[in-house]
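Okay, so here's the structure we're looking at.
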Amino acid sequence: MTEFLQQIVNGLTLGSLYALIAVGYTVVYGIVQLINFAHGEVFMIGAFGALATWTVLFKGQHGLWVLPIMVLGAVIVSVLTAVVMERIAYRPLRGAPRLAPLITAIGISIFLQEAVRLFYPGAKSKLTFPEIEVVSGTALQVGGLTIQRAAVFTVGALAVSAVLLWFFVNRTRLGQGMQAVSQDPDTAQLMGINVNRIIVIAFALGAALAAVGGVAQGLLNSNIDFRMGFLAGLKAFTAAVLGGIGNIQGAIVGGLTLGIAESMATQFIPGQFGGSAWKDVWAFVLLILVLVFRPQGLLGARVVDRA
Amino acid sequence: MSTSTPDLTHGAGHGDHDDHVTVPLLERFPGRGSAAAWPLGLVGVLLLVGGTFLSWSYTGDVLGDLSINFYPGGVQICMIVLGLVALAFLLAHRGPLSRLGDWLDSAAAVRNLGLGAVAYMAVAIGVIAYESGGLINVNPGGWVSLVGALLLAASGLMLVSRQHKDPLFAKTTSWLEICAIIVLMALVLFGAAYALGIGDGASFVLFLMFVAAAATALAKSGVFTWIGLIAQKNRPVLMLGAFAVAFLFPFTQGGSDENMSIATQVLIFAATALGLNIVVGLAGLLDLGYIAFLGAGAYVGAVLSNSAFATIGWKPPFLVVVLVGAIFSSILGLIIGSPTLRVSGDYLAIVTLAFGEIFRFTMGNLDGNNGPDLTNGPNGVPAIPDLNFFGFDFGQPHNVAGITLGRFANYYFLLLVIAAIIIFVFVRLNNSRIGRGWVAIREDEKAAEAMGVNVFGLKLFAFAGGAFLAGMAGTVKAHHDVSVTPDQYIFLESAFLLAAIVLGGMGTVAGVLVGATILKLLPEKLRFIADYRLLIFGLVLVLMMRFRPEGIIANQRRKLEFHEDDEDLAERIEEVHLEEAEAKA
Amino acid sequence: MTVTDTPPPPATPSTVGAPILEARGVTMRFGGLTAVKDVDMTVNEGEIVGLIGPNGAGKTTFFNCLTGLYKPTEGVVTLSGQVIPPKPRAVVVAGMARTFQNIRLFANMTALENVMVGRYCRTSSMALTSILRGPKFRREEAATRARAQELLEFVGLGDSAENLARNMPYGDQRRLEIARALATDPKLILLDEPTAGMNPQETKQASDLIFRIRDSGLAVVVIEHDMRFIFNLCDRVLCLVRGEVLVQGSPGEVQSDPRVIEAYIGGGDDDEDDDPTPSLDAGTTQEEQQ
Ligand SMILES: Nc1ncnc2c1ncn2[C@@H]1O[C@H](COP(=O)(O)OP(=O)(O)O)[C@@H](O)[C@H]1O
Ligand SMILES: [Mg+2]
């Protein structure tokens with residue numbers, strides 16, 4: 001039973017991470033029906049942005065007070081990356097056959113990974129992420145369960161982000177503009193909403209959350225590397241589809257569901273095909289099953305003709 | 001070109017479609033007129049070529065040896081060739097070759113050749129100065145050629161394009177066309193052999209600049225329009241010529257294993273990319289896990305080989321192994337293709353990516369601890385012996401007509417056969433009922449279904465067929481590579497294959513060959529970019545999608561699909577098509 | 001199957017034969033909206049049936065149900081006495097072909113290729129034959145080409161065979177779509193607003209073409225807004241309003257039925273979508289329709 005609860009805890013942690021990234025896929029999809037497969041790299045760049053901020057400004061400092069500034073650094077770097085990417089790579093391809101943005105995304109993805117590998121000092125191998133008081137260090141023991149401190153941060157970050165996101169989407173003019181565009185871009189345009197601006201904001205919003213995810217990942221693993229965006233991005237994409245792509249609550253539900261399912265699979269698939277060696281295989285199997293049998297997701301997606 | 005019926009007259013600069021009327025830069029300044037342009041060009045050619053016969057460099061160890069007067073090195077010879085081509089176009093503009101100028105945009109050609117020559121000379125002089133410590137070490141010949149290049153460029157910018165006819169309607173005799181194809185093929189063979197023989201990266205870059213300048217000039221002049229047309233008309237000759245060139249290539253290498261090793265790698269890569277082009281280019285399905293099929297073939301080849309590490313006791317003859325590998329691979333293809341019943345577009349691409357990754361993880365796991373022992377896990381199957389066909393040992397050098405052909409040359413010939421099979425299948429499927437079905441699906445899947453096209457069946461067949469061909473190539477690759485490990489089949493390799501297609505041209509054979517060659521050859525030859533290889537190719541994908549999504553050598557229909565709103569393009573392509581249809585009839 | 005069978009076989013007088021298509025109780029619901037409600041329709045051999053109704057009445061949706069693009073919520077469709085499954089390809093193979101209200105040609109193929117795609121389901125060379133190119137392949141390919149050319153000539157596009165579909169004028173595209181549908185050797189052809197956007201002269205040509213199709217032994221169902229066109233052309237007319245059959249009968253009967261006039265002119269009281277003017281409103285209907 002503790003075993004089971006422990007896996008729930010692990011799953012929630014993992015799931016919060018997926019959810020933070022998945023929101024980016026879903027928000028952008030909701031607005032432009034584009035699946036931004038380079039989003040995983042935005043997450044990775046966020047982690048590097050946080051590390052760079054720390055290295056440049058606070059090297060040697062481990063107080064909790066540096067964390068907000070690291071998060072801010074991460075968000076700035078990620079948002080910039082995403083906005084530039086939208087402006088120069090995706091925007092010119094609006095209206096092109098679907099193949100075009102997909103191939104572009106693969107190109108961007110590889111480009112960003114390589115750029116980090118080549119130009120971030122020491123990034124050719126794993127880099128140690130700084131330990132921060134309170135959110136790193138010895139795990140908490142609660143009633144027989146082991147809870148990493150970074151896990152608390154991750155779940156907390158998701159909760160805070162979700163509240164802020166809800167507030168933004170429902171209570172601000174921009175957020176309402178976003179909803180309008182997502183429901184009917186043509187009418188929204190006629191009503192004087194600047195659709196291009198809304199698209200940029202969608203990219204930025206997703207990037208900001210992914211950056212927070214990047215920091216969380218750094219704290220959880222104590223190290224980061226330039227490849228970390230690939231798998232995380234794919235899994236988060238699965239989460240977004242699982243929750244119903246285009247649906248923000250769905251992305252969060254999907255992320256948590258996927259995280260728990262993955263933890264359980266790792267723990268409870270018996271015999272030779274279980275355990276961590278097959279962990280990613282099962283994650284991919286799940287991805288395929290979701291895409292094939294539940295492409296509209298658990299909570300229903302904004303469906304467009306994807307033929 | 002023997003000209004018979006001047007069907008249609010086009011305005012200035014209507015060579016290539018993309019090339020609308022180009023207004024020469026200096027035309028805007030009347031008075032500086034084009035009267036001086038033509039003699040200026042002649043002087044430019046004279047200086048450019050003259051300079052190459054003088055020494056360019058004080059030291060003899062930069063860019064080959066450019067230090068000896070009256071003994072031009074390879075880098076200088078390129079400029080001689082470029083100068084002579086420019087001369088031909090100048091004479092076509094005005095003078096003895098004037099009849100040629102009736103059909104081609106000679107001014108545009110001179111312009112591009114001149115600008116290319118300037119860039120070339122600038123880089124050459126830069127390299128000489130950089131490598132031998134200062135501009136002081138650049139000898140007069142270099143400066144003379146640079147001035148010549150500048151004059152040529154100036155002349156090109158001042159020349160006003162003559163009114164000329166569309167080369168599309170040039171009626172040429174078939175012997176001339178066949179000669180042109182043969183010359184073209186010979187140039188390709190010679191160019192490839194020369195390029196592979198270049199030792200240093202800087203010379204290689206210069207050679208690429210030369211090729212690029214010449215190719216742009218020919219394209220802008222309209223020569224390629226004509227070549228495209230005669231290539232359509234004389235398809236068998238072209239195919240035969242291409243294979244003759246590929247076949248003769250090893251004989252130009254004097255037994256050097258180094259270049260042949262690169263050539264076999266290019267061939268494996270190209271063959272696989274051609275198989276993928278059936279799926280992506282013809283059927284229009286984005287497969288991001290295609291490398292798994294090559295891997296499946298390679299693993300079958302490995303575990304059924306005589307390697308001491310092979311895990312299966314059955315040792316059938318190699319032809320059986322090829323068949324088993326291909327069939328195993330196509331079964332995987334069927335499995336991977338089956339979701340196409342329910343998913344398409346982006347989701348399908350991700351499903352294939354996931355399948356590819358599952359394949360790799362599985363191969364890395366089946367080591368006896370995590371599942372049955374089939375693949376030795378991450379260590380893979382090493383020490384795969386060379387092939388042996390009826391006593392012909394692929395590991396040993398052989399002598400043919402006094403020329404030694406080493407180990408890689410042996411594999412090269414085998415791979416050539418496989419590539420030929422794949423091309424054959426590709427072309428024949430493309431021009432058949434099945435090919436038409438694929439186009440219809442790409443154009444409008446629902447309408448195709450409503451017109452009775454078996455959409456699911458055709459998609460599945462594309463996956464299985466493509467996988468079959470890759471599996472075949474994989475079995476040979478296992479022996480060629482000596483060892484098979486999971487990390488040879490990562491996602492990046494699939495992306496790399498896709499890049500070859502995107503760069504070269506979706507749905508064309510020649511395009512994929514060009515794309516594959518560029519992507520494999522450049523990092524080998526330009527060691528200094530080796531580490532930036534992936535960075536550059538990520539960028540290439542983005543830029544191609546932005547500026548030329550149909551690829552270098554475009555399939556016309558693909559081009560139309562990527563430019564749905566371009567009415568002029570549609571008109572032009574229809575014109576070309578009508579001309580081809582008429583030529584065929 | 002081959003050239004020898006038919007393009008237009010000898011003209012037979014328009015005698016009405018046995019029922020060829022029978023739709024019984026076809027109903028199609030989208031969530032809460034019932035677009036087609038319990039519609040029955042019978043089409044006999046050699047008959048031209050008109051389907052009229054204001055915009056949004058469910059005509060196109062009914063066609064989609066017949067041709068398997070939608071799986072009807074309820075109801076059965078039989079063709080020549082056989083129940084046909086709601087799968088587009090099975091429907092074509094069974095002998096019913098269609099055109100689309102918003103032209104859906106293969107835009108980047110030539111006219112000839114478009115029609116050749118229509119032959120897909122009546123030809124059979126598969127992968128190995130296509131690769132090895134035996135005599136069977138060549139024969140079939142030549143027959144496909146010849147038949148396609150013949151059909152292009154039949155609809156009056158013989159000279160445009162090698163033109164790209166997307167470059168053709170609007171009226172030609174409509175005729176090309178008909179040729180493509182005919183290439184599937186149907187017994188029954190469904191035409192969704194074949195004259196939308198045409199000028200009077202083209203409309204006249206279109207009705208001649210439809211007569212010739214009927215004379216070649218096919219049954220035809222036409223959706224149209226243009227009343228004059230429909231009443232000159234059809235043997236029988238069905239009027240659909242809000243998904244239900246309002247009236248059916250001979251053109252004369254339908255034309256004079258006050259309910260029809262009301263449906264069009266008076267406007268369906270609670271259905272604001274209705275188009276008050278029943279003629280010549282080229283493709284002003286919603287976009288994402290089949
Ligand atoms: N796929 C669909 N989903 C939801 N509603 C649909 C769909 N297709 C058609 N409808 C609705 O069904 C009704 C009938 O439309 P349609 O058959 O196109 O009318 P008509 O062809 O007679 O003008 C319309 O209200 C339309 O909005
Ligand atoms: Mg309609």
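Lettering and numbering for the structure tokens are positional, with chains as A, B, ... in the shown order, residues counted from 1 in each chain, and ligands counted from 1 in the shown order.
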
Report as JSON, numbers by chain all protein, DNA and RNA residues lying within 9 Å of segment 113-116 of chain C, evaluated on only C-alpha atoms, omitting residues in the same chain fewer than 5 positions from it. {"B": [433, 436, 440], "C": [105, 106, 107, 144, 145, 147, 148, 149, 151, 152, 161, 162, 165, 176, 177, 179, 180, 181, 182, 183, 184]}

Keeping N, CA, C and O atoms for every residue in the selection just given, could you write it to a file as a JSON list (two decimals), in the first residue's frame?
```
[["chain", "number", "residue", "atom", "x", "y", "z"],
["B", 433, "ARG", "N", -0.91, 3.06, -61.61],
["B", 433, "ARG", "CA", -2.18, 3.24, -60.93],
["B", 433, "ARG", "C", -1.95, 3.56, -59.45],
["B", 433, "ARG", "O", -2.60, 4.44, -58.87],
["B", 436, "ARG", "N", -0.75, 7.11, -59.01],
["B", 436, "ARG", "CA", -1.85, 8.07, -59.15],
["B", 436, "ARG", "C", -2.70, 8.09, -57.89],
["B", 436, "ARG", "O", -3.13, 9.15, -57.44],
["B", 440, "ALA", "N", -3.51, 11.29, -55.50],
["B", 440, "ALA", "CA", -4.89, 11.67, -55.17],
["B", 440, "ALA", "C", -5.05, 11.78, -53.65],
["B", 440, "ALA", "O", -5.67, 12.73, -53.15],
["C", 105, "LEU", "N", -11.70, 18.61, -56.81],
["C", 105, "LEU", "CA", -10.85, 17.92, -57.78],
["C", 105, "LEU", "C", -9.47, 17.73, -57.17],
["C", 105, "LEU", "O", -9.14, 18.32, -56.14],
["C", 106, "PHE", "N", -8.65, 16.91, -57.81],
["C", 106, "PHE", "CA", -7.25, 16.83, -57.43],
["C", 106, "PHE", "C", -6.55, 17.94, -58.19],
["C", 106, "PHE", "O", -6.16, 17.79, -59.35],
["C", 107, "ALA", "N", -6.40, 19.07, -57.51],
["C", 107, "ALA", "CA", -6.10, 20.32, -58.21],
["C", 107, "ALA", "C", -4.80, 20.28, -59.00],
["C", 107, "ALA", "O", -4.69, 20.87, -60.06],
["C", 144, "THR", "N", -7.25, 2.30, -69.42],
["C", 144, "THR", "CA", -7.62, 3.35, -68.48],
["C", 144, "THR", "C", -7.51, 4.72, -69.15],
["C", 144, "THR", "O", -8.40, 5.56, -69.06],
["C", 145, "ARG", "N", -6.39, 4.89, -69.83],
["C", 145, "ARG", "CA", -6.13, 6.17, -70.48],
["C", 145, "ARG", "C", -7.18, 6.44, -71.55],
["C", 145, "ARG", "O", -7.75, 7.53, -71.63],
["C", 147, "ARG", "N", -10.18, 5.19, -71.91],
["C", 147, "ARG", "CA", -11.49, 5.40, -71.32],
["C", 147, "ARG", "C", -11.59, 6.81, -70.73],
["C", 147, "ARG", "O", -12.61, 7.49, -70.88],
["C", 148, "ALA", "N", -10.52, 7.23, -70.08],
["C", 148, "ALA", "CA", -10.53, 8.57, -69.48],
["C", 148, "ALA", "C", -10.66, 9.64, -70.55],
["C", 148, "ALA", "O", -11.45, 10.58, -70.42],
["C", 149, "GLN", "N", -9.93, 9.45, -71.63],
["C", 149, "GLN", "CA", -9.99, 10.41, -72.73],
["C", 149, "GLN", "C", -11.42, 10.47, -73.30],
["C", 149, "GLN", "O", -11.97, 11.53, -73.56],
["C", 151, "LEU", "N", -14.19, 9.76, -71.81],
["C", 151, "LEU", "CA", -15.11, 10.45, -70.90],
["C", 151, "LEU", "C", -14.90, 11.95, -70.94],
["C", 151, "LEU", "O", -15.86, 12.72, -70.85],
["C", 152, "LEU", "N", -13.65, 12.37, -71.08],
["C", 152, "LEU", "CA", -13.40, 13.81, -71.19],
["C", 152, "LEU", "C", -14.10, 14.35, -72.42],
["C", 152, "LEU", "O", -14.71, 15.42, -72.39],
["C", 161, "ALA", "N", -7.28, 17.66, -71.93],
["C", 161, "ALA", "CA", -6.81, 16.50, -71.19],
["C", 161, "ALA", "C", -5.54, 16.76, -70.39],
["C", 161, "ALA", "O", -5.40, 16.32, -69.26],
["C", 162, "GLU", "N", -4.61, 17.49, -70.99],
["C", 162, "GLU", "CA", -3.31, 17.65, -70.32],
["C", 162, "GLU", "C", -3.24, 18.94, -69.50],
["C", 162, "GLU", "O", -2.19, 19.30, -69.00],
["C", 165, "ALA", "N", -5.90, 20.71, -63.50],
["C", 165, "ALA", "CA", -7.27, 20.96, -63.05],
["C", 165, "ALA", "C", -7.40, 22.35, -62.45],
["C", 165, "ALA", "O", -8.38, 23.04, -62.67],
["C", 176, "LEU", "N", -15.46, 18.41, -65.29],
["C", 176, "LEU", "CA", -14.41, 17.43, -65.05],
["C", 176, "LEU", "C", -14.77, 16.54, -63.86],
["C", 176, "LEU", "O", -14.55, 15.33, -63.87],
["C", 177, "GLU", "N", -15.38, 17.14, -62.85],
["C", 177, "GLU", "CA", -15.78, 16.35, -61.70],
["C", 177, "GLU", "C", -16.82, 15.30, -62.11],
["C", 177, "GLU", "O", -16.79, 14.16, -61.62],
["C", 179, "ALA", "N", -17.00, 13.96, -65.09],
["C", 179, "ALA", "CA", -16.28, 12.92, -65.85],
["C", 179, "ALA", "C", -15.57, 11.97, -64.89],
["C", 179, "ALA", "O", -15.57, 10.75, -65.08],
["C", 180, "ARG", "N", -15.00, 12.52, -63.84],
["C", 180, "ARG", "CA", -14.29, 11.68, -62.87],
["C", 180, "ARG", "C", -15.26, 10.71, -62.20],
["C", 180, "ARG", "O", -14.95, 9.53, -62.00],
["C", 181, "ALA", "N", -16.45, 11.22, -61.87],
["C", 181, "ALA", "CA", -17.43, 10.34, -61.25],
["C", 181, "ALA", "C", -17.89, 9.27, -62.23],
["C", 181, "ALA", "O", -18.04, 8.09, -61.86],
["C", 182, "LEU", "N", -18.08, 9.66, -63.49],
["C", 182, "LEU", "CA", -18.52, 8.67, -64.49],
["C", 182, "LEU", "C", -17.47, 7.58, -64.68],
["C", 182, "LEU", "O", -17.80, 6.45, -65.03],
["C", 183, "ALA", "N", -16.21, 7.93, -64.45],
["C", 183, "ALA", "CA", -15.14, 6.96, -64.68],
["C", 183, "ALA", "C", -15.24, 5.77, -63.74],
["C", 183, "ALA", "O", -14.64, 4.72, -63.99],
["C", 184, "THR", "N", -15.99, 5.90, -62.67],
["C", 184, "THR", "CA", -16.11, 4.76, -61.75],
["C", 184, "THR", "C", -17.19, 3.78, -62.22],
["C", 184, "THR", "O", -17.55, 2.87, -61.48]]
```

What lies within 12 Å of Val320 of chain B using only C-alpha atoms, ignoring chain neighbours under 3 positions off, as JSON, numbers by chain? {"B": [300, 301, 304, 305, 314, 315, 316, 317, 323, 324, 325, 326, 327, 328, 472, 475]}

Store the residues picked out above in a file with C-alpha atoms, as a PDB file, in the first residue's frame.
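Written output follows (part_0.pdb):
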```pdb
ATOM      1  CA  VAL B 300      18.571  -9.560 -39.173  1.00  0.00           C
ATOM      2  CA  GLY B 301      21.771  -9.470 -41.221  1.00  0.00           C
ATOM      3  CA  LEU B 304      22.035 -14.510 -39.045  1.00  0.00           C
ATOM      4  CA  SER B 305      25.683 -13.840 -39.924  1.00  0.00           C
ATOM      5  CA  TRP B 314      20.536 -20.573 -38.475  1.00  0.00           C
ATOM      6  CA  LYS B 315      23.058 -19.504 -41.147  1.00  0.00           C
ATOM      7  CA  PRO B 316      21.254 -19.312 -44.492  1.00  0.00           C
ATOM      8  CA  PRO B 317      22.915 -18.026 -47.653  1.00  0.00           C
ATOM      9  CA  LEU B 323      14.911 -11.635 -48.144  1.00  0.00           C
ATOM     10  CA  VAL B 324      14.337 -12.398 -44.468  1.00  0.00           C
ATOM     11  CA  GLY B 325      15.592  -8.953 -43.490  1.00  0.00           C
ATOM     12  CA  ALA B 326      13.368  -7.262 -46.029  1.00  0.00           C
ATOM     13  CA  ILE B 327      10.314  -9.261 -45.030  1.00  0.00           C
ATOM     14  CA  PHE B 328      10.911  -8.771 -41.318  1.00  0.00           C
ATOM     15  CA  MET B 472      17.181  -5.004 -47.870  1.00  0.00           C
ATOM     16  CA  THR B 475      21.329  -6.468 -44.378  1.00  0.00           C
TER      17      THR B 475
END
```

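Residue nearest Arg98 of chain C, chosen from B:Leu526, B:Met363, B:Ala448, B:Ile552 and counting only C-alpha atoms: B:Ala448.
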
Taking only C-alpha atoms into account and nothing else, which residues of chain B lie no more than 8 Å away from chain A? Please answer as JSON, numbers by chain. {"B": [286, 339, 342, 343, 344, 345, 346, 347, 351, 354, 355, 357, 358, 361, 362, 365, 369, 370, 371, 445, 446, 495, 532, 534, 535, 536, 537, 538, 539, 540, 541, 542, 545, 546, 549, 561, 562, 563]}

Please write out the residues within 9 Å of ligand 1 as a PyMOL selection string, counting only C-alpha atoms and all ligand atoms. chain C and resi 28-31+33-36+52-64+70+101+192-193+223+240-243+273-274+285-286+288-290

Within 6 Å of chain C, which residues belong to chain B? Use only C-alpha atoms and report them as a short mmCIF file (atom, residue, chain, number, x, y, z; two decimals) with all heavy atoms, in the first residue's frame.
```cif
data_model
loop_
_atom_site.label_atom_id
_atom_site.label_comp_id
_atom_site.auth_asym_id
_atom_site.auth_seq_id
_atom_site.Cartn_x
_atom_site.Cartn_y
_atom_site.Cartn_z
N VAL B 425 11.98 0.52 -58.54
CA VAL B 425 10.68 0.38 -57.88
C VAL B 425 10.03 1.75 -57.72
O VAL B 425 8.84 1.93 -58.01
CB VAL B 425 10.86 -0.28 -56.49
CG1 VAL B 425 9.57 -0.20 -55.69
CG2 VAL B 425 11.30 -1.71 -56.65
N ARG B 428 8.81 3.12 -61.19
CA ARG B 428 7.69 2.36 -61.75
C ARG B 428 6.41 2.55 -60.94
O ARG B 428 5.32 2.68 -61.50
CB ARG B 428 8.06 0.88 -61.78
CG ARG B 428 9.11 0.60 -62.84
CD ARG B 428 8.45 -0.08 -63.98
NE ARG B 428 9.18 0.02 -65.20
CZ ARG B 428 9.47 -1.02 -65.97
NH1 ARG B 428 9.16 -2.24 -65.57
NH2 ARG B 428 10.08 -0.85 -67.11
N GLU B 443 -3.51 14.94 -52.45
CA GLU B 443 -4.26 16.13 -52.85
C GLU B 443 -5.51 16.31 -51.99
O GLU B 443 -5.79 17.41 -51.55
CB GLU B 443 -4.69 15.99 -54.31
CG GLU B 443 -3.54 16.00 -55.27
CD GLU B 443 -3.17 17.42 -55.66
OE1 GLU B 443 -4.08 18.22 -55.80
OE2 GLU B 443 -1.97 17.69 -55.81
N GLU B 449 -11.02 8.91 -51.41
CA GLU B 449 -11.81 7.81 -50.85
C GLU B 449 -13.18 7.76 -51.54
O GLU B 449 -13.65 6.69 -51.92
CB GLU B 449 -11.98 8.04 -49.35
CG GLU B 449 -12.76 6.98 -48.64
CD GLU B 449 -11.86 5.98 -47.95
OE1 GLU B 449 -10.96 6.42 -47.22
OE2 GLU B 449 -12.06 4.77 -48.13
N ALA B 450 -13.78 8.93 -51.72
CA ALA B 450 -15.10 8.97 -52.32
C ALA B 450 -15.08 8.61 -53.80
O ALA B 450 -16.12 8.34 -54.39
CB ALA B 450 -15.72 10.36 -52.15
N MET B 451 -13.90 8.60 -54.42
CA MET B 451 -13.79 8.19 -55.81
C MET B 451 -13.33 6.72 -55.90
O MET B 451 -12.92 6.25 -56.95
CB MET B 451 -12.80 9.07 -56.56
CG MET B 451 -13.35 10.44 -56.84
SD MET B 451 -14.87 10.31 -57.78
CE MET B 451 -15.93 11.32 -56.78
N GLY B 452 -13.32 6.04 -54.77
CA GLY B 452 -13.05 4.62 -54.80
C GLY B 452 -11.58 4.24 -54.66
O GLY B 452 -11.22 3.10 -54.89
N VAL B 453 -10.74 5.19 -54.28
CA VAL B 453 -9.33 4.84 -54.08
C VAL B 453 -9.19 4.17 -52.71
O VAL B 453 -9.75 4.65 -51.73
CB VAL B 453 -8.44 6.10 -54.14
CG1 VAL B 453 -7.00 5.77 -53.81
CG2 VAL B 453 -8.53 6.73 -55.52
#
```

Extract, using only C-alpha atoms, all DNA, RNA and protein residues at most 9 Å from His93 of chain B, discarding same-chain residues fewer than 6 positions from it, and format them as a list in words. Trp38, Arg99, Leu100, Gly101, Asp102, Leu104, Asp105, Ser106, Ala107, Ser161 and Arg162 of chain B

Could you name the residues that touch Leu229 of chain B at 8 Å or less, counting only C-alpha atoms, but leaving out those on the same chain fewer than 2 positions away, as a count of residues only? 9

Find the residues around segment 257-260 of chain C up to 8 Å (only C-alpha atoms counted), leave out those fewer than 3 positions away in its own chain, and share them as a PyMOL selection string. chain C and resi 239+246-247+253-254+263-264

As a ChimeraX atom specification, please: every residue in segment 23-238 of chain C that a backbone DSSP assignment puts in alpha helix (DSSP H). /C:59-66,88-94,111-118,127-132,135-154,170-182,200-215,227-233

Which residues, written as a list in words, have at least one atom at most 8 Å from Ala50 of chain A, with only C-alpha atoms counted and residues fewer than 3 positions away on the same chain left out? Gly46, Ala47, Thr53, Trp54, Met70, Val71, Leu72, Gly73, Ala74 and Val215 of chain A

One decimal, in Å: what's the spacing between atom CA of Gly504 of chain B and atom CA of Gly551 of chain B? 5.0 Å

Spatial neighbours of Glu202 of chain C, 12 Å, only C-alpha atoms, chain gap at least 2 places, as a list in words: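 In the requested format, the answer is Gly156, Pro169, Tyr170, Gly171, Asp172, Gln173, Arg174, Arg175, Pro194, Thr195, Ala196, Gly197, Met198, Asn199, Pro200, Lys204, Gln205, Ala206, Ser207, Asp208, Leu209 and Phe229 of chain C.
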
Rounded to one decimal, what separation in Å do you get between atom CA of Val27 of chain A and atom CA of Val181 of chain A?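 Rounded to one decimal, the two atoms are 11.4 Å apart.
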
What is the distance, in Å and to one decimal place, between atom CA of Ser222 of chain A and atom CA of Glu131 of chain A?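 Atom CA of Ser222 of chain A sits 7.2 Å away from atom CA of Glu131 of chain A.
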
Residue set, segment 390-585 of chain B restricted to strand (DSSP E or B), as a list in words: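 Result set for segment 390-585 of chain B (strand (DSSP E or B)): Phe392, Asp393, His398, Asn399, Val400, Ile403, Thr404, Leu405 and Val484 of chain B.
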
Any chance you could export the current selection's C-alpha atoms as a PDB file, in the first residue's frame?
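Output below, filename result08.pdb:
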```pdb
ATOM      1  CA  PHE B 392      34.060 -13.790 -54.160  1.00  0.00           C
ATOM      2  CA  ASP B 393      35.314 -12.352 -50.876  1.00  0.00           C
ATOM      3  CA  HIS B 398      40.285  -7.488 -56.584  1.00  0.00           C
ATOM      4  CA  ASN B 399      41.901  -6.522 -59.833  1.00  0.00           C
ATOM      5  CA  VAL B 400      39.772  -5.529 -62.772  1.00  0.00           C
ATOM      6  CA  ILE B 403      42.790  -1.370 -61.590  1.00  0.00           C
ATOM      7  CA  THR B 404      42.646  -2.440 -57.969  1.00  0.00           C
ATOM      8  CA  LEU B 405      39.248  -2.342 -56.362  1.00  0.00           C
ATOM      9  CA  VAL B 484      25.458  -3.342 -35.453  1.00  0.00           C
TER      10      VAL B 484
END
```
